[in-house]
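> One file: model-v4.cif (mmCIF, C-alpha atoms).
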```cif
data_model
#
loop_
_atom_site.label_atom_id
_atom_site.label_comp_id
_atom_site.auth_asym_id
_atom_site.auth_seq_id
_atom_site.Cartn_x
_atom_site.Cartn_y
_atom_site.Cartn_z
CA MET A 1 128.77 87.54 100.22
CA ARG A 2 126.30 90.44 100.20
CA LEU A 3 122.99 89.65 98.52
CA ASN A 4 121.98 92.04 95.76
CA PRO A 5 118.99 94.08 97.09
CA ARG A 6 117.19 93.91 93.74
CA TRP A 7 117.12 90.11 93.76
CA LEU A 8 116.35 90.01 97.49
CA GLY A 9 113.34 92.23 96.80
CA LEU A 10 112.21 89.96 93.97
CA ALA A 11 112.47 86.94 96.26
CA ALA A 12 110.51 88.84 98.93
CA SER A 13 107.71 89.82 96.52
CA THR A 14 107.55 86.21 95.35
CA LEU A 15 107.13 85.12 98.97
CA LEU A 16 104.37 87.72 99.36
CA ALA A 17 102.59 86.14 96.40
CA VAL A 18 102.97 82.72 98.03
CA SER A 19 101.47 84.07 101.26
CA GLY A 20 98.48 85.31 99.25
CA PHE A 21 97.76 81.83 97.94
CA LEU A 22 98.14 80.36 101.44
CA ALA A 23 96.44 83.00 103.59
CA GLY A 24 94.64 85.38 101.22
CA LYS A 25 91.20 84.19 102.33
CA PRO A 26 89.82 85.09 105.78
CA LEU A 27 88.80 81.48 106.51
CA PRO A 28 89.65 78.82 107.44
CA HIS A 29 92.48 79.55 109.89
CA ASP A 30 94.17 76.23 109.26
CA ALA A 31 97.83 75.24 109.03
CA ALA A 32 98.14 76.70 105.52
CA TRP A 33 96.77 80.05 106.75
CA VAL A 34 99.20 80.16 109.68
CA THR A 35 102.08 79.32 107.34
CA GLY A 36 100.98 82.03 104.95
CA VAL A 37 100.88 84.64 107.71
CA CYS A 38 104.39 83.69 108.82
CA VAL A 39 105.62 83.92 105.23
CA TRP A 40 103.88 87.31 104.92
CA PHE A 41 105.85 88.87 107.77
CA VAL A 42 109.17 87.36 106.68
CA ALA A 43 108.57 88.67 103.16
CA LEU A 44 107.63 92.16 104.37
CA ILE A 45 110.81 92.35 106.46
CA ALA A 46 112.97 91.25 103.53
CA LEU A 47 111.17 93.59 101.10
CA GLY A 48 111.50 96.54 103.47
CA TYR A 49 115.23 95.87 103.90
CA ALA A 50 115.80 95.55 100.15
CA TRP A 51 113.91 98.77 99.40
CA TRP A 52 115.77 100.64 102.16
CA GLN A 53 119.07 99.70 100.54
CA LEU A 54 117.96 100.96 97.13
CA ARG A 55 115.90 104.03 98.08
CA ASP A 56 118.66 106.57 97.31
CA GLN A 57 119.50 105.21 93.87
CA ARG A 58 118.31 107.12 90.83
CA GLU A 59 119.09 104.59 88.12
CA GLY A 60 117.02 101.54 87.35
CA LEU A 61 114.46 101.93 90.13
CA LEU A 62 111.49 101.84 87.81
CA VAL A 63 112.80 98.60 86.36
CA THR A 64 113.17 97.30 89.91
CA ALA A 65 109.61 98.35 90.74
CA ALA A 66 108.31 96.52 87.65
CA LEU A 67 110.36 93.43 88.49
CA TRP A 68 109.12 93.31 92.08
CA SER A 69 105.53 93.80 90.89
CA LEU A 70 105.49 90.77 88.59
CA PRO A 71 104.78 88.06 91.22
CA LEU A 72 102.05 90.19 92.80
CA LEU A 73 100.25 90.69 89.50
CA VAL A 74 99.41 86.99 89.36
CA ALA A 75 98.67 86.51 93.07
CA PRO A 76 95.34 87.03 94.86
CA PRO A 77 94.69 90.52 96.29
CA MET A 78 96.38 90.91 99.68
CA GLY A 79 96.30 93.34 102.58
CA ALA A 80 92.68 94.21 101.81
CA LEU A 81 89.84 92.71 99.80
CA ASP A 82 88.30 96.00 98.67
CA VAL A 83 88.72 95.08 95.00
CA TYR A 84 85.89 92.55 95.35
CA ALA A 85 83.65 95.31 96.69
CA TYR A 86 84.73 97.50 93.74
CA ALA A 87 83.64 94.76 91.35
CA CYS A 88 80.27 94.42 93.04
CA GLN A 89 79.79 98.18 93.03
CA GLY A 90 80.34 98.03 89.28
CA GLN A 91 77.56 95.47 88.95
CA LEU A 92 75.24 97.63 91.04
CA PHE A 93 76.01 100.62 88.84
CA ASP A 94 75.33 98.63 85.68
CA ALA A 95 72.00 97.52 87.18
CA GLY A 96 70.98 101.15 87.70
CA LEU A 97 71.06 101.11 91.51
CA ASN A 98 72.15 104.14 93.55
CA LEU A 99 75.45 103.24 95.19
CA TYR A 100 74.96 105.95 97.80
CA GLU A 101 71.93 104.03 99.07
CA HIS A 102 72.70 100.36 98.43
CA GLY A 103 75.48 97.89 99.21
CA PRO A 104 76.54 94.83 97.15
CA ALA A 105 73.93 92.61 98.84
CA ALA A 106 71.10 94.67 97.33
CA LEU A 107 71.48 93.18 93.84
CA PRO A 108 72.82 90.69 94.99
CA CYS A 109 76.25 90.82 93.38
CA THR A 110 77.60 87.76 91.54
CA TRP A 111 80.71 87.83 93.72
CA LEU A 112 79.01 88.69 97.01
CA ASN A 113 80.66 85.81 98.90
CA GLU A 114 84.08 87.34 98.16
CA VAL A 115 83.13 90.70 99.70
CA PRO A 116 83.95 91.01 103.42
CA PRO A 117 80.70 90.89 105.47
CA LEU A 118 81.37 94.40 106.77
CA TRP A 119 80.90 95.90 103.28
CA ARG A 120 78.04 93.79 101.91
CA ASP A 121 75.28 96.16 103.04
CA THR A 122 77.38 99.33 103.14
CA PRO A 123 76.84 102.18 100.65
CA THR A 124 79.99 103.63 99.12
CA PRO A 125 81.17 107.26 99.33
CA TYR A 126 83.20 107.21 96.10
CA GLY A 127 82.55 109.60 93.24
CA PRO A 128 80.88 109.28 89.83
CA LEU A 129 84.06 108.67 87.83
CA TRP A 130 84.90 105.67 89.99
CA PHE A 131 81.39 104.29 89.60
CA ALA A 132 81.66 104.60 85.83
CA LEU A 133 85.05 102.85 85.82
CA SER A 134 83.74 100.12 88.11
CA GLY A 135 80.70 99.66 85.90
CA GLY A 136 82.94 99.35 82.85
CA VAL A 137 85.12 96.76 84.57
CA ALA A 138 82.09 94.72 85.69
CA TRP A 139 80.63 94.82 82.17
CA LEU A 140 83.90 93.73 80.55
CA ALA A 141 84.44 91.00 83.16
CA HIS A 142 81.07 89.47 82.25
CA GLY A 143 80.84 87.47 85.48
CA HIS A 144 84.51 86.41 85.60
CA LEU A 145 86.05 87.60 88.86
CA LEU A 146 89.67 87.06 87.78
CA VAL A 147 89.08 89.30 84.78
CA ALA A 148 87.56 91.98 87.01
CA VAL A 149 90.53 91.86 89.41
CA GLY A 150 92.96 92.05 86.48
CA LEU A 151 91.19 95.09 85.03
CA PHE A 152 91.16 96.87 88.38
CA ARG A 153 94.87 96.10 88.69
CA LEU A 154 95.37 97.72 85.31
CA VAL A 155 93.58 100.86 86.54
CA ALA A 156 95.75 100.91 89.68
CA VAL A 157 98.96 100.50 87.69
CA LEU A 158 97.87 103.30 85.34
CA GLY A 159 97.32 105.48 88.40
CA LEU A 160 100.86 104.68 89.54
CA VAL A 161 102.22 105.50 86.09
CA LEU A 162 100.41 108.86 86.27
CA CYS A 163 102.11 109.52 89.62
CA VAL A 164 105.58 108.76 88.23
CA ALA A 165 105.02 110.77 85.04
CA ALA A 166 103.69 113.79 86.95
CA ALA A 167 106.55 113.60 89.47
CA HIS A 168 109.01 113.70 86.58
CA ARG A 169 107.25 116.72 85.05
CA ILE A 170 107.09 118.59 88.33
CA SER A 171 110.51 118.09 89.85
CA ASP A 172 112.12 114.84 88.72
CA GLY A 173 110.84 113.49 92.05
CA ASN A 174 112.04 110.41 93.87
CA VAL A 175 110.61 107.46 91.95
CA ALA A 176 111.96 105.08 94.62
CA LEU A 177 108.58 105.24 96.35
CA ALA A 178 107.09 103.43 93.34
CA ALA A 179 108.97 100.31 94.48
CA SER A 180 108.17 100.73 98.17
CA PRO A 181 106.39 98.05 100.20
CA LEU A 182 103.35 100.31 100.66
CA VAL A 183 102.87 100.64 96.90
CA LEU A 184 103.54 96.98 96.16
CA VAL A 185 101.13 95.73 98.84
CA HIS A 186 98.31 98.26 98.58
CA VAL A 187 98.49 99.29 94.91
CA VAL A 188 99.85 96.41 92.85
CA SER A 189 98.33 93.75 95.10
CA GLY A 190 95.56 95.53 97.03
CA VAL A 191 94.40 97.62 94.03
CA HIS A 192 93.17 100.61 96.03
CA ASN A 193 91.71 103.52 94.10
CA ASP A 194 93.66 106.01 96.24
CA ILE A 195 96.55 105.68 93.77
CA LEU A 196 94.31 106.87 90.93
CA VAL A 197 93.33 109.86 93.07
CA ALA A 198 97.03 110.56 93.68
CA GLY A 199 97.88 110.27 89.98
CA LEU A 200 95.13 112.67 88.91
CA MET A 201 96.00 115.15 91.66
CA LEU A 202 99.68 115.15 90.71
CA THR A 203 98.69 115.66 87.09
CA GLY A 204 96.73 118.68 88.25
CA PHE A 205 99.73 120.02 90.16
CA ALA A 206 101.93 119.46 87.10
CA PHE A 207 99.57 121.53 84.95
CA ALA A 208 99.41 124.22 87.65
CA THR A 209 103.20 124.62 87.69
CA ARG A 210 102.95 125.43 83.97
CA GLN A 211 100.05 127.87 84.53
CA ARG A 212 97.54 125.67 82.69
CA ALA A 213 94.84 126.34 85.22
CA ALA A 214 91.86 124.92 83.33
CA LEU A 215 93.63 121.60 82.70
CA SER A 216 94.65 121.54 86.35
CA GLY A 217 91.02 122.03 87.35
CA LEU A 218 89.98 119.24 84.98
CA ALA A 219 92.47 116.85 86.61
CA PHE A 220 91.35 117.79 90.12
CA GLY A 221 87.70 117.44 89.13
CA LEU A 222 88.45 113.92 87.91
CA ALA A 223 90.33 113.14 91.14
CA ALA A 224 87.43 114.39 93.27
CA ALA A 225 85.10 112.28 91.14
CA VAL A 226 87.01 109.23 92.33
CA LYS A 227 87.33 110.23 95.98
CA ILE A 228 86.21 113.56 97.41
CA THR A 229 89.24 113.85 99.69
CA ALA A 230 91.15 115.07 96.62
CA LEU A 231 89.61 118.49 97.36
CA ILE A 232 92.03 118.83 100.29
CA GLY A 233 94.75 119.53 97.74
CA ALA A 234 92.76 122.04 95.68
CA PRO A 235 93.41 125.17 97.83
CA PHE A 236 97.14 124.60 97.43
CA VAL A 237 96.85 124.71 93.64
CA VAL A 238 95.56 128.27 94.02
CA LEU A 239 98.97 129.19 95.45
CA LEU A 240 100.66 128.04 92.25
CA VAL A 241 98.50 129.76 89.62
CA LEU A 242 99.43 133.42 89.41
CA THR A 243 96.38 135.41 88.29
CA THR A 244 92.82 135.83 89.45
CA ARG A 245 91.53 134.74 86.04
CA ALA A 246 93.62 131.56 86.19
CA ARG A 247 92.33 130.76 89.67
CA ALA A 248 88.75 131.24 88.49
CA ALA A 249 89.48 128.95 85.52
CA PHE A 250 90.86 126.29 87.86
CA VAL A 251 87.82 126.35 90.15
CA GLY A 252 85.38 126.53 87.26
CA ALA A 253 86.94 123.60 85.41
CA MET A 254 87.05 121.50 88.58
CA VAL A 255 83.41 122.13 89.45
CA ALA A 256 82.24 121.67 85.86
CA THR A 257 84.10 118.37 85.50
CA TYR A 258 82.51 116.92 88.60
CA ALA A 259 79.08 118.26 87.69
CA VAL A 260 79.19 116.71 84.21
CA LEU A 261 80.25 113.32 85.56
CA ALA A 262 77.59 113.48 88.27
CA ALA A 263 74.92 114.24 85.67
CA LEU A 264 76.07 111.51 83.29
CA THR A 265 76.16 108.82 85.98
CA GLY A 266 73.17 109.96 88.01
CA HIS A 267 75.32 110.12 91.15
CA GLY A 268 75.63 113.66 92.44
CA LEU A 269 76.29 114.75 96.02
CA GLY A 270 74.90 111.62 97.64
CA PHE A 271 78.40 110.77 98.85
CA ILE A 272 77.82 113.22 101.72
CA GLY A 273 75.34 110.87 103.33
CA ALA A 274 77.45 107.82 102.51
CA LEU A 275 80.53 109.27 104.21
CA GLY A 276 79.14 108.17 107.56
CA ALA A 277 78.86 104.54 106.44
CA THR A 278 82.16 103.67 108.17
CA ALA A 279 81.45 105.66 111.34
CA GLY A 280 80.70 102.45 113.21
CA LEU A 281 84.31 101.32 112.73
CA VAL A 282 86.30 102.29 115.81
CA GLN A 283 90.03 101.66 115.72
CA TRP A 284 93.03 103.42 117.20
CA LEU A 285 94.88 104.08 113.92
CA SER A 286 92.76 107.23 113.74
CA LEU A 287 94.23 109.53 116.41
CA PRO A 288 90.91 111.09 117.50
CA SER A 289 89.22 107.69 117.64
CA GLY A 290 92.14 106.28 119.62
CA VAL A 291 92.00 109.08 122.18
CA GLY A 292 88.22 108.65 122.47
CA MET A 293 88.70 104.91 122.96
CA ALA A 294 91.22 105.50 125.75
CA VAL A 295 88.83 107.88 127.53
CA GLY A 296 86.02 105.37 126.99
CA TYR A 297 88.07 102.56 128.51
CA VAL A 298 88.80 104.66 131.59
CA LEU A 299 85.09 105.48 131.92
CA ARG A 300 84.26 101.78 131.66
CA TRP A 301 86.74 100.93 134.39
CA ILE A 302 85.25 103.46 136.80
CA GLY A 303 81.69 102.29 136.18
CA TYR A 304 80.33 104.11 133.12
CA PRO A 305 80.33 101.51 130.31
CA GLY A 306 77.65 103.32 128.32
CA ALA A 307 79.87 106.37 127.90
CA PHE A 308 82.31 104.68 125.51
CA GLY A 309 80.44 105.66 122.34
CA THR A 310 79.99 109.23 123.53
CA ALA A 311 83.70 109.55 124.31
CA VAL A 312 84.63 108.40 120.80
CA ALA A 313 82.06 110.73 119.18
CA VAL A 314 83.31 113.75 121.18
CA ALA A 315 86.96 112.95 120.40
CA ARG A 316 86.16 112.67 116.70
CA ALA A 317 84.38 116.03 116.78
CA VAL A 318 87.43 117.60 118.45
CA GLY A 319 89.57 115.91 115.78
CA PHE A 320 87.56 117.58 113.01
CA VAL A 321 88.03 120.98 114.66
CA ALA A 322 91.75 120.37 115.06
CA LEU A 323 91.95 119.28 111.43
CA ALA A 324 90.24 122.45 110.22
CA VAL A 325 92.62 124.61 112.29
CA LEU A 326 95.69 122.71 111.08
CA LEU A 327 94.66 122.86 107.42
CA ALA A 328 93.94 126.59 107.62
CA GLY A 329 97.22 127.24 109.42
CA LEU A 330 99.18 125.16 106.93
CA TRP A 331 97.65 127.00 103.98
CA LEU A 332 98.23 130.45 105.47
CA ARG A 333 101.80 129.63 106.39
CA THR A 334 102.47 128.36 102.87
CA LEU A 335 100.90 131.50 101.40
CA ARG A 336 103.26 133.62 103.51
CA ASP A 337 106.30 131.55 102.51
CA VAL A 338 105.42 131.69 98.81
CA ARG A 339 105.08 135.48 98.94
CA ARG A 340 108.47 135.77 100.63
CA ASP A 341 110.23 133.41 98.22
CA PRO A 342 108.33 132.86 94.95
CA ALA A 343 111.28 130.94 93.49
CA GLY A 344 110.72 128.02 95.87
CA ALA A 345 106.94 128.03 95.58
CA THR A 346 106.45 124.64 93.94
CA ASP A 347 108.36 122.65 96.52
CA ARG A 348 106.77 124.48 99.46
CA VAL A 349 103.24 124.14 98.08
CA LEU A 350 103.61 120.44 97.31
CA THR A 351 105.11 119.76 100.73
CA ALA A 352 102.22 121.55 102.40
CA ALA A 353 99.66 119.75 100.22
CA GLY A 354 101.19 116.36 101.00
CA LEU A 355 101.19 117.08 104.71
CA ALA A 356 97.59 118.31 104.51
CA LEU A 357 96.50 115.03 102.91
CA LEU A 358 98.35 112.97 105.53
CA VAL A 359 96.93 115.01 108.42
CA THR A 360 93.44 114.59 106.96
CA ALA A 361 93.94 110.82 106.79
CA VAL A 362 95.25 110.47 110.35
CA LEU A 363 92.72 112.83 111.95
CA GLY A 364 89.73 111.36 110.15
CA PRO A 365 87.41 109.03 112.07
CA VAL A 366 88.88 105.93 110.38
CA PHE A 367 92.38 105.31 109.03
CA TYR A 368 93.75 102.53 106.84
CA ALA A 369 97.30 102.21 105.57
CA TRP A 370 96.35 102.99 101.96
CA TYR A 371 94.81 106.30 103.01
CA ALA A 372 98.39 107.58 103.20
CA LEU A 373 99.07 106.89 99.52
CA ALA A 374 97.90 110.26 98.16
CA GLY A 375 99.83 112.34 100.67
CA ILE A 376 103.00 110.31 100.28
CA ALA A 377 102.73 110.46 96.47
CA VAL A 378 102.58 114.27 96.63
CA LEU A 379 105.52 114.43 99.03
CA ALA A 380 107.50 112.21 96.64
CA CYS A 381 107.51 115.16 94.22
CA THR A 382 109.36 117.35 96.71
CA GLN A 383 112.95 117.55 97.87
CA LEU A 384 112.43 115.32 100.88
CA THR A 385 115.04 116.03 103.53
CA GLY A 386 115.66 115.60 107.25
CA LYS A 387 113.04 114.20 109.58
CA LEU A 388 110.25 114.44 106.99
CA ARG A 389 112.21 112.23 104.60
CA THR A 390 112.93 109.71 107.34
CA GLY A 391 109.31 109.71 108.46
CA VAL A 392 107.97 109.09 104.94
CA HIS A 393 110.45 106.30 104.30
CA VAL A 394 109.67 104.61 107.61
CA ALA A 395 105.94 104.90 106.86
CA VAL A 396 106.12 103.21 103.45
CA VAL A 397 107.99 100.29 105.04
CA ALA A 398 105.95 100.02 108.26
CA LEU A 399 102.35 100.58 107.12
CA PRO A 400 101.96 97.23 105.31
CA PHE A 401 102.56 95.47 108.64
CA LEU A 402 99.19 96.73 109.89
CA THR A 403 97.25 94.11 107.95
CA LEU A 404 97.51 90.40 107.26
CA PRO A 405 97.26 88.99 103.71
CA ASP A 406 93.58 88.17 104.24
CA SER A 407 92.88 91.85 105.08
CA LEU A 408 92.55 91.32 108.85
CA GLY A 409 93.67 94.55 110.50
CA LEU A 410 96.01 94.12 113.46
CA ALA A 411 94.53 97.27 115.00
CA THR A 412 91.43 95.23 115.83
CA LYS A 413 93.58 92.96 118.01
CA THR A 414 95.45 95.73 119.84
CA LYS A 415 92.66 98.12 120.81
CA VAL A 416 93.59 98.89 124.41
CA PRO A 417 97.37 99.36 124.03
CA GLY A 418 96.87 101.17 120.73
CA ALA A 419 94.39 103.63 122.23
CA PHE A 420 96.74 104.58 125.06
CA LEU A 421 99.63 104.79 122.60
CA ASP A 422 97.64 107.51 120.81
CA VAL A 423 97.25 109.40 124.09
CA ALA A 424 101.01 109.11 124.71
CA LEU A 425 101.73 110.43 121.20
CA ILE A 426 99.44 113.41 121.70
CA VAL A 427 101.01 114.21 125.08
CA ALA A 428 104.53 113.91 123.63
CA LEU A 429 103.60 116.22 120.76
CA VAL A 430 102.10 118.84 123.09
CA VAL A 431 105.17 118.75 125.35
CA ARG A 432 107.49 119.08 122.37
CA LEU A 433 105.57 122.05 120.96
CA ALA A 434 105.56 123.73 124.38
CA ARG A 435 109.33 123.31 124.71
CA ARG A 436 109.91 124.67 121.22
CA ARG A 437 107.76 127.71 121.99
CA SER A 438 109.71 128.29 125.22
CA ARG A 439 113.02 128.14 123.32
CA ASP A 440 111.73 130.56 120.69
CA ARG A 441 110.68 133.03 123.38
CA ALA A 442 114.05 132.70 125.08
CA ASP A 443 115.89 133.32 121.81
CA ALA A 444 113.73 136.37 121.11
#
```
Hey, can you dump this file as structure tokens for me?


Amino acid sequence: MRLNPRWLGLAASTLLAVSGFLAGKPLPHDAAWVTGVCVWFVALIALGYAWWQLRDQREGLLVTAALWSLPLLVAPPMGALDVYAYACQGQLFDAGLNLYEHGPAALPCTWLNEVPPLWRDTPTPYGPLWFALSGGVAWLAHGHLLVAVGLFRLVAVLGLVLCVAAAHRISDGNVALAASPLVLVHVVSGVHNDILVAGLMLTGFAFATRQRAALSGLAFGLAAAVKITALIGAPFVVLLVLTTRARAAFVGAMVATYAVLAALTGHGLGFIGALGATAGLVQWLSLPSGVGMAVGYVLRWIGYPGAFGTAVAVARAVGFVALAVLLAGLWLRTLRDVRRDPAGATDRVLTAAGLALLVTAVLGPVFYAWYALAGIAVLACTQLTGKLRTGVHVAVVALPFLTLPDSLGLATKTKVPGAFLDVALIVALVVRLARRRSRDRADA
């Protein structure tokens, strides 16, 4: 008898919740923790299988997403413990401290022991809207951590609702991604603010498709005031609004929105200095960092151990240059395609914007699974087909496997093989592009 995927997914999400209670804390690594980790992987496999079976259905998927979310709403945060840092950042904001200069330990925060040691003294690069929201949550929680986590979960779920509503307004997009393992683990459970960024960006795109440029700029200004990476999508909005006046209205509204929030909160452009707060994290999930690590390992083996840091820094610099070239090329190519076929502009622009966000995440100096949320959310509003569709669907199933329920990243345990895997991927990509160019020349 074949098990109904909906009920299999519910059983899997329930097991995920169980794993959170068993292994949601980093320490101690006792028998309960080991059991919880085992349950975690079994549950992720079952959840991925169930979602894969349902991903092409159009009916009832939102109900399925809500059903699968229920166990996770009452379980501890899993996959990452950033929500505790969010709560502490809210307390710092309420105390009048500059979050671009101070970490949670500066107050100190009421819930400091729940924050991973890595983030206790680390300033945050988020924007003024997120600080205001965090401050509101911390004030309402009034020292009760469970209340704070619940309120942040509400914000994350509202961000997801924005994504689904905007996808429906834009193109009746594939809402199956709302029930995907990536969303369940890193939005419903992990409560990452990237989903709010995605929801506000998609709202901006929805307004742009209806030529409401000022409202689109307002939405993008709000998104950037949560996380500045939202600006990667802004140039693609310009390809959707049709007049010079509308484009000026979009830019003006976006800048004005951010400026007002920065003035009201007292947090302006200080995020620029805080962006380097995670530069000390070196892991191979970022392609440039991985390549730099591989070069650094080779230099160590031949007698130059001190060159490791330099190799990573140089590789990251090259990654930023490559990112700039790729983003410019993607925008120019999309501009050309839109001029050739205005009728298909929305789908082409959103596809390009989603890819731009994903490329930015992967080529940045540090990558975490939830960094892919914004790009995947934008791509969910397009007519995903072929290899891109397969790649996105594989990603939303596979990315949650990169962390354990207590937020431990498996990339930290696979540094050497992961770094050389990045080199192999880059070589394979270069070879493939060279072969394609040779075929194109032969056909010409």

> Sort by chain and increasing residue number a table of all residues of region 64-128 of chain A within 12 Å of region 225-235 of chain A, each with its closest pair of atoms and their distance in Å to one decimal, counting only C-alpha atoms, and write it as a Markdown table.


```
| residue | atom | partner | partner_atom | distance |
| --- | --- | --- | --- | --- |
| A:Thr124 | CA | A:Lys227 | CA | 10.4 |
| A:Pro125 | CA | A:Lys227 | CA | 7.6 |
| A:Tyr126 | CA | A:Lys227 | CA | 5.1 |
| A:Gly127 | CA | A:Ala225 | CA | 4.3 |
| A:Pro128 | CA | A:Ala225 | CA | 5.3 |
```

> Using only C-alpha atoms, which of the listed residues (A:Tyr371, A:Tyr100, A:Trp7, A:Phe401) sits closest to Ile195 (chain A)?

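For Ile195 (chain A), the nearest of the given residues is A:Tyr371.
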
> What do you get, as a list in words, if you spell out every residue that the PyMOL selection byres ((chain A and resi 201) around 7) selects here?

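Expected selection for the PyMOL selection byres ((chain A and resi 201) around 7) here is Val197, Ala198, Gly199, Leu200, Leu202, Thr203, Gly204, Phe205, Ala219, Phe220, Ala223 and Ala230 of chain A.
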
> Which residue is closest to Ala361 (chain A)? Choose from A:Leu323, A:Leu215, A:Val282, A:Ala148 and count only C-alpha atoms.

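Looking only at the distances to Ala361 (chain A), the closest residue turns out to be A:Leu323.
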
> CA of Val295 (chain A) and CA of Ala311 (chain A) are how many Å apart?

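Result for CA of Val295 (chain A) versus CA of Ala311 (chain A): 6.3 Å, one decimal.
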
> Taking the file above as input, evaluate the PyMOL selection byres ((chain A and resi 213) around 9) and report the hits as a PyMOL selection string.

chain A and resi 204+207-212+214-218+237+241+246-251+253

> Could you write out the selected residues, including C-alpha atoms, as a PDB file, keeping the file's coordinate frame?


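Generated file (selection-v4.pdb):
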```pdb
ATOM      1  CA  GLY A 204      96.730 118.680  88.250  1.00  0.00           C
ATOM      2  CA  PHE A 207      99.570 121.530  84.950  1.00  0.00           C
ATOM      3  CA  ALA A 208      99.410 124.220  87.650  1.00  0.00           C
ATOM      4  CA  THR A 209     103.200 124.620  87.690  1.00  0.00           C
ATOM      5  CA  ARG A 210     102.950 125.430  83.970  1.00  0.00           C
ATOM      6  CA  GLN A 211     100.050 127.870  84.530  1.00  0.00           C
ATOM      7  CA  ARG A 212      97.540 125.670  82.690  1.00  0.00           C
ATOM      8  CA  ALA A 214      91.860 124.920  83.330  1.00  0.00           C
ATOM      9  CA  LEU A 215      93.630 121.600  82.700  1.00  0.00           C
ATOM     10  CA  SER A 216      94.650 121.540  86.350  1.00  0.00           C
ATOM     11  CA  GLY A 217      91.020 122.030  87.350  1.00  0.00           C
ATOM     12  CA  LEU A 218      89.980 119.240  84.980  1.00  0.00           C
ATOM     13  CA  VAL A 237      96.850 124.710  93.640  1.00  0.00           C
ATOM     14  CA  VAL A 241      98.500 129.760  89.620  1.00  0.00           C
ATOM     15  CA  ALA A 246      93.620 131.560  86.190  1.00  0.00           C
ATOM     16  CA  ARG A 247      92.330 130.760  89.670  1.00  0.00           C
ATOM     17  CA  ALA A 248      88.750 131.240  88.490  1.00  0.00           C
ATOM     18  CA  ALA A 249      89.480 128.950  85.520  1.00  0.00           C
ATOM     19  CA  PHE A 250      90.860 126.290  87.860  1.00  0.00           C
ATOM     20  CA  VAL A 251      87.820 126.350  90.150  1.00  0.00           C
ATOM     21  CA  ALA A 253      86.940 123.600  85.410  1.00  0.00           C
TER      22      ALA A 253
END
```

> For Gln283 (chain A), which residue out of A:Leu15, A:Met254, A:Val312, A:Leu73 is the nearest one, using all atoms listed in the file?

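Smallest distance to Gln283 (chain A) is found for A:Val312.
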
> Using the chain letters and numbers from the file, which residues does the PyMOL selection byres ((chain A and resi 180) around 12) grab, as a PyMOL selection string?

chain A and resi 9+13+44+46-55+61-62+64-66+68-69+160+174-179+181-188+373+376-377+380+392-400

> Val83 (chain A): which residues within 12 Å, counting only C-alpha atoms, same-chain residues fewer than 6 positions away excluded, as an MDAnalysis selection string?

chainID A and resid 76:77 89:90 111:112 114:116 119 134 137:138 145:153 155:156 186:193 407

> Between CA of Trp370 (chain A) and CA of Leu358 (chain A), what distance in Å does the model show, to one decimal?

10.8 Å

> Quick one, how far is CA of Ala279 (chain A) from CA of Leu327 (chain A)?

22.0 Å

> For Gly296 (chain A), which of A:Ala315, A:Leu92, A:Ala352, A:Leu384 is the closest residue, counting all atoms listed in the file?

A:Ala315

> Please write a file for region 15-22 of chain A, taken from the block I just shared, that holds N, CA, C and O atoms and is laid out as a short mmCIF file (atom, residue, chain, number, x, y, z; two decimals), in the first residue's frame.


```cif
data_model
loop_
_atom_site.label_atom_id
_atom_site.label_comp_id
_atom_site.auth_asym_id
_atom_site.auth_seq_id
_atom_site.Cartn_x
_atom_site.Cartn_y
_atom_site.Cartn_z
N LEU A 15 8.62 14.37 13.24
CA LEU A 15 9.92 13.83 13.64
C LEU A 15 10.96 14.95 13.71
O LEU A 15 11.84 14.93 14.59
N LEU A 16 10.89 15.91 12.80
CA LEU A 16 11.80 17.05 12.87
C LEU A 16 11.62 17.79 14.19
O LEU A 16 12.59 18.20 14.85
N ALA A 17 10.36 17.98 14.60
CA ALA A 17 10.10 18.64 15.87
C ALA A 17 10.69 17.84 17.03
O ALA A 17 11.28 18.42 17.95
N VAL A 18 10.55 16.52 16.97
CA VAL A 18 11.12 15.67 18.01
C VAL A 18 12.64 15.84 18.06
O VAL A 18 13.24 15.94 19.13
N SER A 19 13.27 15.89 16.88
CA SER A 19 14.73 16.05 16.84
C SER A 19 15.15 17.37 17.46
O SER A 19 16.22 17.49 18.05
N GLY A 20 14.30 18.40 17.33
CA GLY A 20 14.60 19.69 17.94
C GLY A 20 14.63 19.62 19.45
O GLY A 20 15.49 20.23 20.10
N PHE A 21 13.69 18.87 20.03
CA PHE A 21 13.68 18.72 21.48
C PHE A 21 14.85 17.88 21.97
O PHE A 21 15.36 18.10 23.07
N LEU A 22 15.31 16.94 21.13
CA LEU A 22 16.40 16.06 21.54
C LEU A 22 17.78 16.67 21.28
O LEU A 22 18.71 16.50 22.07
#
```
